[in-house]
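The file work_37.csv comes next; it holds CSV, C-alpha atoms.
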```csv
chain,number,residue,atom,x,y,z
A,1,MET,CA,176.8,99.9,129.9
A,2,ALA,CA,176.8,97.9,126.7
A,3,LYS,CA,174.8,94.7,126.4
A,4,THR,CA,176.8,91.5,125.9
A,5,LYS,CA,175.6,89.1,123.3
A,6,VAL,CA,176.6,85.4,123.2
A,7,LYS,CA,176.0,83.3,120.2
A,8,LEU,CA,176.5,79.5,120.6
A,9,HIS,CA,177.6,77.3,117.8
A,10,ILE,CA,175.2,74.5,118.5
A,11,ALA,CA,176.6,72.0,116.0
A,12,ALA,CA,180.1,72.4,117.6
A,13,PHE,CA,178.6,72.1,121.1
A,14,ASN,CA,176.9,68.9,120.1
A,15,ASP,CA,180.1,67.5,118.6
A,16,LEU,CA,181.9,68.3,121.8
A,17,ARG,CA,179.3,66.5,123.9
A,18,ASN,CA,179.6,63.4,121.7
A,19,ARG,CA,183.4,63.1,121.8
A,20,SER,CA,184.9,59.9,123.2
A,21,GLU,CA,186.6,61.8,126.1
A,22,VAL,CA,183.2,63.1,127.3
A,23,VAL,CA,181.6,59.6,127.0
A,24,ASP,CA,184.6,58.2,129.0
A,25,LEU,CA,184.3,60.9,131.6
A,26,VAL,CA,180.5,60.4,132.1
A,27,GLY,CA,181.1,56.6,132.3
A,28,SER,CA,183.9,56.9,134.9
A,29,GLU,CA,181.8,59.2,137.1
A,30,ALA,CA,178.9,56.8,137.0
A,31,ALA,CA,181.2,53.9,137.7
A,32,LYS,CA,182.4,55.7,140.9
A,33,VAL,CA,178.8,56.1,142.0
A,34,ALA,CA,178.1,52.4,141.3
A,35,GLU,CA,181.2,51.4,143.3
A,36,LEU,CA,180.2,53.5,146.2
A,37,ALA,CA,176.7,52.1,146.2
A,38,GLY,CA,178.1,48.6,146.5
A,39,PRO,CA,177.5,45.2,145.0
A,40,GLY,CA,174.3,44.6,143.2
A,41,PHE,CA,174.2,47.9,141.4
A,42,GLY,CA,174.5,48.0,137.6
A,43,LEU,CA,175.8,50.7,135.2
A,44,GLY,CA,174.7,51.7,131.8
A,45,VAL,CA,176.2,54.4,129.5
A,46,HIS,CA,174.4,55.3,126.2
A,47,GLN,CA,173.7,58.2,123.9
A,48,MET,CA,170.4,59.7,123.3
A,49,GLY,CA,170.4,62.3,120.5
A,50,SER,CA,173.3,64.6,121.2
A,51,ARG,CA,173.6,63.7,124.9
A,52,VAL,CA,175.6,61.0,126.8
A,53,ILE,CA,173.5,59.5,129.6
A,54,ALA,CA,174.7,57.2,132.4
A,55,ASN,CA,172.5,55.3,134.6
A,56,VAL,CA,173.3,53.5,137.9
A,57,TYR,CA,170.5,51.1,138.8
A,58,THR,CA,169.7,48.2,141.2
A,59,ALA,CA,170.5,44.9,139.4
A,60,THR,CA,169.6,42.5,142.2
A,61,ALA,CA,166.8,42.0,144.7
A,62,ASP,CA,169.2,42.7,147.6
A,63,ALA,CA,170.3,46.0,146.0
A,64,MET,CA,166.6,46.9,145.6
A,65,ARG,CA,165.9,46.3,149.3
A,66,LEU,CA,169.1,48.2,150.3
A,67,GLU,CA,168.1,51.1,148.1
A,68,ALA,CA,164.5,51.1,149.4
A,69,LYS,CA,165.6,50.9,153.1
A,70,GLU,CA,168.7,53.1,153.2
A,71,GLY,CA,168.7,55.1,149.9
A,72,VAL,CA,172.3,54.0,149.0
A,73,LEU,CA,172.2,55.6,145.6
A,74,SER,CA,171.5,59.1,147.0
A,75,LYS,CA,174.2,58.6,149.5
A,76,ALA,CA,176.6,57.4,146.9
A,77,LEU,CA,175.9,60.6,144.9
A,78,GLY,CA,176.6,62.6,148.0
A,79,GLY,CA,173.0,63.7,148.3
A,80,SER,CA,171.7,65.8,151.1
A,81,ALA,CA,170.1,62.9,152.8
A,82,VAL,CA,173.3,61.8,154.7
A,83,PRO,CA,176.4,63.6,153.6
A,84,ALA,CA,179.9,62.3,154.3
A,85,LYS,CA,178.9,58.8,155.1
A,86,VAL,CA,180.8,55.6,154.2
A,87,ARG,CA,179.5,52.1,153.8
A,88,TYR,CA,180.6,49.8,156.7
A,89,THR,CA,180.2,46.0,157.0
A,90,THR,CA,180.4,44.6,160.5
A,91,LYS,CA,182.1,41.4,161.5
A,92,ALA,CA,178.6,39.8,161.6
A,93,GLY,CA,178.1,40.8,158.0
A,94,LYS,CA,175.6,43.6,158.5
A,95,THR,CA,176.0,46.6,156.2
A,96,ARG,CA,175.4,50.1,157.5
A,97,TRP,CA,176.2,53.7,156.7
A,98,ALA,CA,178.3,55.7,159.2
A,99,SER,CA,180.6,58.6,159.4
A,100,GLN,CA,184.3,57.9,159.0
A,101,ALA,CA,184.8,58.9,162.6
A,102,GLN,CA,182.3,56.2,163.7
A,103,VAL,CA,184.0,53.5,161.6
A,104,SER,CA,187.4,54.5,163.0
A,105,ASN,CA,186.1,54.2,166.5
A,106,TRP,CA,184.4,50.8,165.9
A,107,THR,CA,187.6,49.4,164.3
A,108,LYS,CA,190.0,50.9,166.7
A,109,GLY,CA,192.6,48.2,167.7
A,110,SER,CA,191.2,45.6,165.3
A,111,LEU,CA,194.3,45.5,163.1
```
Show me the file's structure as structure tokens.
Amino acid sequence: MAKTKVKLHIAAFNDLRNRSEVVDLVGSEAAKVAELAGPGFGLGVHQMGSRVIANVYTATADAMRLEAKEGVLSKALGGSAVPAKVRYTTKAGKTRWASQAQVSNWTKGSL
């Protein structure tokens, strides 16, 4: 069996990573995570060398407490901590993570 050899054109690969489409894609994915995490989370997109980097971070004290207590950023990323959970706010104003089935059960008949 013959050995396969792959040679990357690094300059072209770096150009591809810096294209505006890639920057927009990375930014839109980070924006989805920030939106899932909820209010109080900020978003930053910047370039470092040949890479585009996006950060979602806690921007308020309330968001910091929520992240420390419930790990909302990991959950918003779909991390292994609690998969398939949605953010739910009760009528009393408390925020919690629950499965979609739980939320449907809690809100049954409330329309």
Determine, for each residue of segment 11-78 of chain A having at least one atom at most 9 Å from an atom of segment 90-111 of chain A, the closest pair of atoms and their separation in Å to one decimal, counting all atoms listed in the file; order by chain and ascending number, as a Markdown table.
```
| residue | atom | partner | partner_atom | distance |
| --- | --- | --- | --- | --- |
| A:Glu70 | CA | A:Trp97 | CA | 8.3 |
| A:Val72 | CA | A:Trp97 | CA | 8.6 |
| A:Lys75 | CA | A:Trp97 | CA | 8.9 |
```
Could you save the residues just selected, with C-alpha atoms, as a compact mmCIF listing (two decimals), keeping the file's coordinate frame?
```txt
# COMPACT_ATOMS: atom_id res chain seq x y z
CA GLU A 70 168.70 53.10 153.20
CA VAL A 72 172.30 54.00 149.00
CA LYS A 75 174.20 58.60 149.50
```
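When the distance limit is 8 Å and all atoms listed in the file are what count, the residues near segment 26-37 of chain A, minus those fewer than 2 positions from it on the same chain, are Val22, Val23, Asp24, Pro39, Phe41, Gly42, Leu43, Val45, Val52, Ile53, Ala54, Asn55, Val56, Val72, Leu73, Lys75, Ala76, Leu77 and Arg87 of chain A.
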Selected residues, C-alpha atoms, written as a PDB file, in the frame of the given file, please.
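Okay, again.pdb is ready:
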```pdb
ATOM      1  CA  VAL A  22     183.200  63.100 127.300  1.00  0.00           C
ATOM      2  CA  VAL A  23     181.600  59.600 127.000  1.00  0.00           C
ATOM      3  CA  ASP A  24     184.600  58.200 129.000  1.00  0.00           C
ATOM      4  CA  PRO A  39     177.500  45.200 145.000  1.00  0.00           C
ATOM      5  CA  PHE A  41     174.200  47.900 141.400  1.00  0.00           C
ATOM      6  CA  GLY A  42     174.500  48.000 137.600  1.00  0.00           C
ATOM      7  CA  LEU A  43     175.800  50.700 135.200  1.00  0.00           C
ATOM      8  CA  VAL A  45     176.200  54.400 129.500  1.00  0.00           C
ATOM      9  CA  VAL A  52     175.600  61.000 126.800  1.00  0.00           C
ATOM     10  CA  ILE A  53     173.500  59.500 129.600  1.00  0.00           C
ATOM     11  CA  ALA A  54     174.700  57.200 132.400  1.00  0.00           C
ATOM     12  CA  ASN A  55     172.500  55.300 134.600  1.00  0.00           C
ATOM     13  CA  VAL A  56     173.300  53.500 137.900  1.00  0.00           C
ATOM     14  CA  VAL A  72     172.300  54.000 149.000  1.00  0.00           C
ATOM     15  CA  LEU A  73     172.200  55.600 145.600  1.00  0.00           C
ATOM     16  CA  LYS A  75     174.200  58.600 149.500  1.00  0.00           C
ATOM     17  CA  ALA A  76     176.600  57.400 146.900  1.00  0.00           C
ATOM     18  CA  LEU A  77     175.900  60.600 144.900  1.00  0.00           C
ATOM     19  CA  ARG A  87     179.500  52.100 153.800  1.00  0.00           C
TER      20      ARG A  87
END
```
Separation of atom CA of His46 of chain A from atom CA of Leu8 of chain A in Å: 24.9 Å
Length of the atom CA of Lys5 of chain A to atom CA of Asn18 of chain A vector [Å]: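 Those two atoms sit 26.1 Å apart.
Interatomic distance, atom CA of Ser74 of chain A to atom CA of Ala59 of chain A: 16.1 Å.
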Nearest candidate to Ser20 of chain A (options A:Val86, A:Gln47, A:Thr4, A:Gly71; using only C-alpha atoms):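 For Ser20 of chain A, the nearest of the given residues is A:Gln47.
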Nearest to Arg19 of chain A, chosen from A:Ala68, A:Asp62, A:Ser50, A:Lys3, with all atoms listed in the file counted in the distances: A:Ser50
9 Å contact set for Ala61 of chain A, only C-alpha atoms, chain neighbours under 4 positions out, as a list in words: Gly40, Arg65 and Leu66 of chain A
Residues from the last selection, C-alpha atoms, saved as a PDB file, in the frame of the given file:
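Okay, this is what ended up in part_23.pdb:
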```pdb
ATOM      1  CA  GLY A  40     174.300  44.600 143.200  1.00  0.00           C
ATOM      2  CA  ARG A  65     165.900  46.300 149.300  1.00  0.00           C
ATOM      3  CA  LEU A  66     169.100  48.200 150.300  1.00  0.00           C
TER       4      LEU A  66
END
```
Output segment 36-61 of chain A as a PDB file, in the frame of the given file, making sure N, CA and C atoms are there.
```
ATOM      1  N   LEU A  36     180.583  53.045 144.904  1.00  0.00           N
ATOM      2  CA  LEU A  36     180.200  53.500 146.200  1.00  0.00           C
ATOM      3  C   LEU A  36     178.930  52.903 146.735  1.00  0.00           C
ATOM      4  N   ALA A  37     177.996  52.689 145.828  1.00  0.00           N
ATOM      5  CA  ALA A  37     176.700  52.100 146.200  1.00  0.00           C
ATOM      6  C   ALA A  37     176.884  50.667 146.673  1.00  0.00           C
ATOM      7  N   GLY A  38     177.832  49.958 146.094  1.00  0.00           N
ATOM      8  CA  GLY A  38     178.100  48.600 146.500  1.00  0.00           C
ATOM      9  C   GLY A  38     177.712  47.548 145.528  1.00  0.00           C
ATOM     10  N   PRO A  39     177.829  46.278 145.933  1.00  0.00           N
ATOM     11  CA  PRO A  39     177.500  45.200 145.000  1.00  0.00           C
ATOM     12  C   PRO A  39     175.994  45.146 144.724  1.00  0.00           C
ATOM     13  N   GLY A  40     175.664  44.696 143.537  1.00  0.00           N
ATOM     14  CA  GLY A  40     174.300  44.600 143.200  1.00  0.00           C
ATOM     15  C   GLY A  40     173.727  45.772 142.385  1.00  0.00           C
ATOM     16  N   PHE A  41     174.584  46.755 142.123  1.00  0.00           N
ATOM     17  CA  PHE A  41     174.200  47.900 141.400  1.00  0.00           C
ATOM     18  C   PHE A  41     174.821  47.883 139.990  1.00  0.00           C
ATOM     19  N   GLY A  42     174.017  48.085 138.945  1.00  0.00           N
ATOM     20  CA  GLY A  42     174.500  48.000 137.600  1.00  0.00           C
ATOM     21  C   GLY A  42     174.771  49.418 137.026  1.00  0.00           C
ATOM     22  N   LEU A  43     175.399  49.433 135.868  1.00  0.00           N
ATOM     23  CA  LEU A  43     175.800  50.700 135.200  1.00  0.00           C
ATOM     24  C   LEU A  43     175.520  50.597 133.749  1.00  0.00           C
ATOM     25  N   GLY A  44     174.969  51.657 133.194  1.00  0.00           N
ATOM     26  CA  GLY A  44     174.700  51.700 131.800  1.00  0.00           C
ATOM     27  C   GLY A  44     175.097  53.110 131.238  1.00  0.00           C
ATOM     28  N   VAL A  45     175.810  53.159 130.120  1.00  0.00           N
ATOM     29  CA  VAL A  45     176.200  54.400 129.500  1.00  0.00           C
ATOM     30  C   VAL A  45     175.704  54.329 128.029  1.00  0.00           C
ATOM     31  N   HIS A  46     174.925  55.310 127.588  1.00  0.00           N
ATOM     32  CA  HIS A  46     174.400  55.300 126.200  1.00  0.00           C
ATOM     33  C   HIS A  46     174.219  56.735 125.735  1.00  0.00           C
ATOM     34  N   GLN A  47     173.991  56.864 124.442  1.00  0.00           N
ATOM     35  CA  GLN A  47     173.700  58.200 123.900  1.00  0.00           C
ATOM     36  C   GLN A  47     172.284  58.271 123.442  1.00  0.00           C
ATOM     37  N   MET A  48     171.707  59.420 123.727  1.00  0.00           N
ATOM     38  CA  MET A  48     170.400  59.700 123.300  1.00  0.00           C
ATOM     39  C   MET A  48     170.428  61.063 122.555  1.00  0.00           C
ATOM     40  N   GLY A  49     170.322  61.022 121.266  1.00  0.00           N
ATOM     41  CA  GLY A  49     170.400  62.300 120.500  1.00  0.00           C
ATOM     42  C   GLY A  49     171.854  62.802 120.611  1.00  0.00           C
ATOM     43  N   SER A  50     171.967  64.015 121.093  1.00  0.00           N
ATOM     44  CA  SER A  50     173.300  64.600 121.200  1.00  0.00           C
ATOM     45  C   SER A  50     173.818  64.576 122.646  1.00  0.00           C
ATOM     46  N   ARG A  51     173.214  63.745 123.492  1.00  0.00           N
ATOM     47  CA  ARG A  51     173.600  63.700 124.900  1.00  0.00           C
ATOM     48  C   ARG A  51     174.137  62.286 125.254  1.00  0.00           C
ATOM     49  N   VAL A  52     175.082  62.258 126.175  1.00  0.00           N
ATOM     50  CA  VAL A  52     175.600  61.000 126.800  1.00  0.00           C
ATOM     51  C   VAL A  52     174.880  60.871 128.103  1.00  0.00           C
ATOM     52  N   ILE A  53     174.277  59.713 128.336  1.00  0.00           N
ATOM     53  CA  ILE A  53     173.500  59.500 129.600  1.00  0.00           C
ATOM     54  C   ILE A  53     174.089  58.258 130.262  1.00  0.00           C
ATOM     55  N   ALA A  54     174.295  58.376 131.569  1.00  0.00           N
ATOM     56  CA  ALA A  54     174.700  57.200 132.400  1.00  0.00           C
ATOM     57  C   ALA A  54     173.682  56.955 133.425  1.00  0.00           C
ATOM     58  N   ASN A  55     173.417  55.672 133.648  1.00  0.00           N
ATOM     59  CA  ASN A  55     172.500  55.300 134.600  1.00  0.00           C
ATOM     60  C   ASN A  55     173.132  54.293 135.620  1.00  0.00           C
ATOM     61  N   VAL A  56     172.877  54.465 136.904  1.00  0.00           N
ATOM     62  CA  VAL A  56     173.300  53.500 137.900  1.00  0.00           C
ATOM     63  C   VAL A  56     171.944  52.966 138.466  1.00  0.00           C
ATOM     64  N   TYR A  57     171.782  51.652 138.481  1.00  0.00           N
ATOM     65  CA  TYR A  57     170.500  51.100 138.800  1.00  0.00           C
ATOM     66  C   TYR A  57     170.680  49.828 139.693  1.00  0.00           C
ATOM     67  N   THR A  58     169.616  49.432 140.357  1.00  0.00           N
ATOM     68  CA  THR A  58     169.700  48.200 141.200  1.00  0.00           C
ATOM     69  C   THR A  58     169.531  47.020 140.220  1.00  0.00           C
ATOM     70  N   ALA A  59     170.471  46.092 140.334  1.00  0.00           N
ATOM     71  CA  ALA A  59     170.500  44.900 139.400  1.00  0.00           C
ATOM     72  C   ALA A  59     170.075  43.654 140.156  1.00  0.00           C
ATOM     73  N   THR A  60     170.020  43.671 141.477  1.00  0.00           N
ATOM     74  CA  THR A  60     169.600  42.500 142.200  1.00  0.00           C
ATOM     75  C   THR A  60     168.540  42.838 143.230  1.00  0.00           C
ATOM     76  N   ALA A  61     167.868  41.813 143.731  1.00  0.00           N
ATOM     77  CA  ALA A  61     166.800  42.000 144.700  1.00  0.00           C
ATOM     78  C   ALA A  61     167.406  42.599 146.018  1.00  0.00           C
TER      79      ALA A  61
END
```
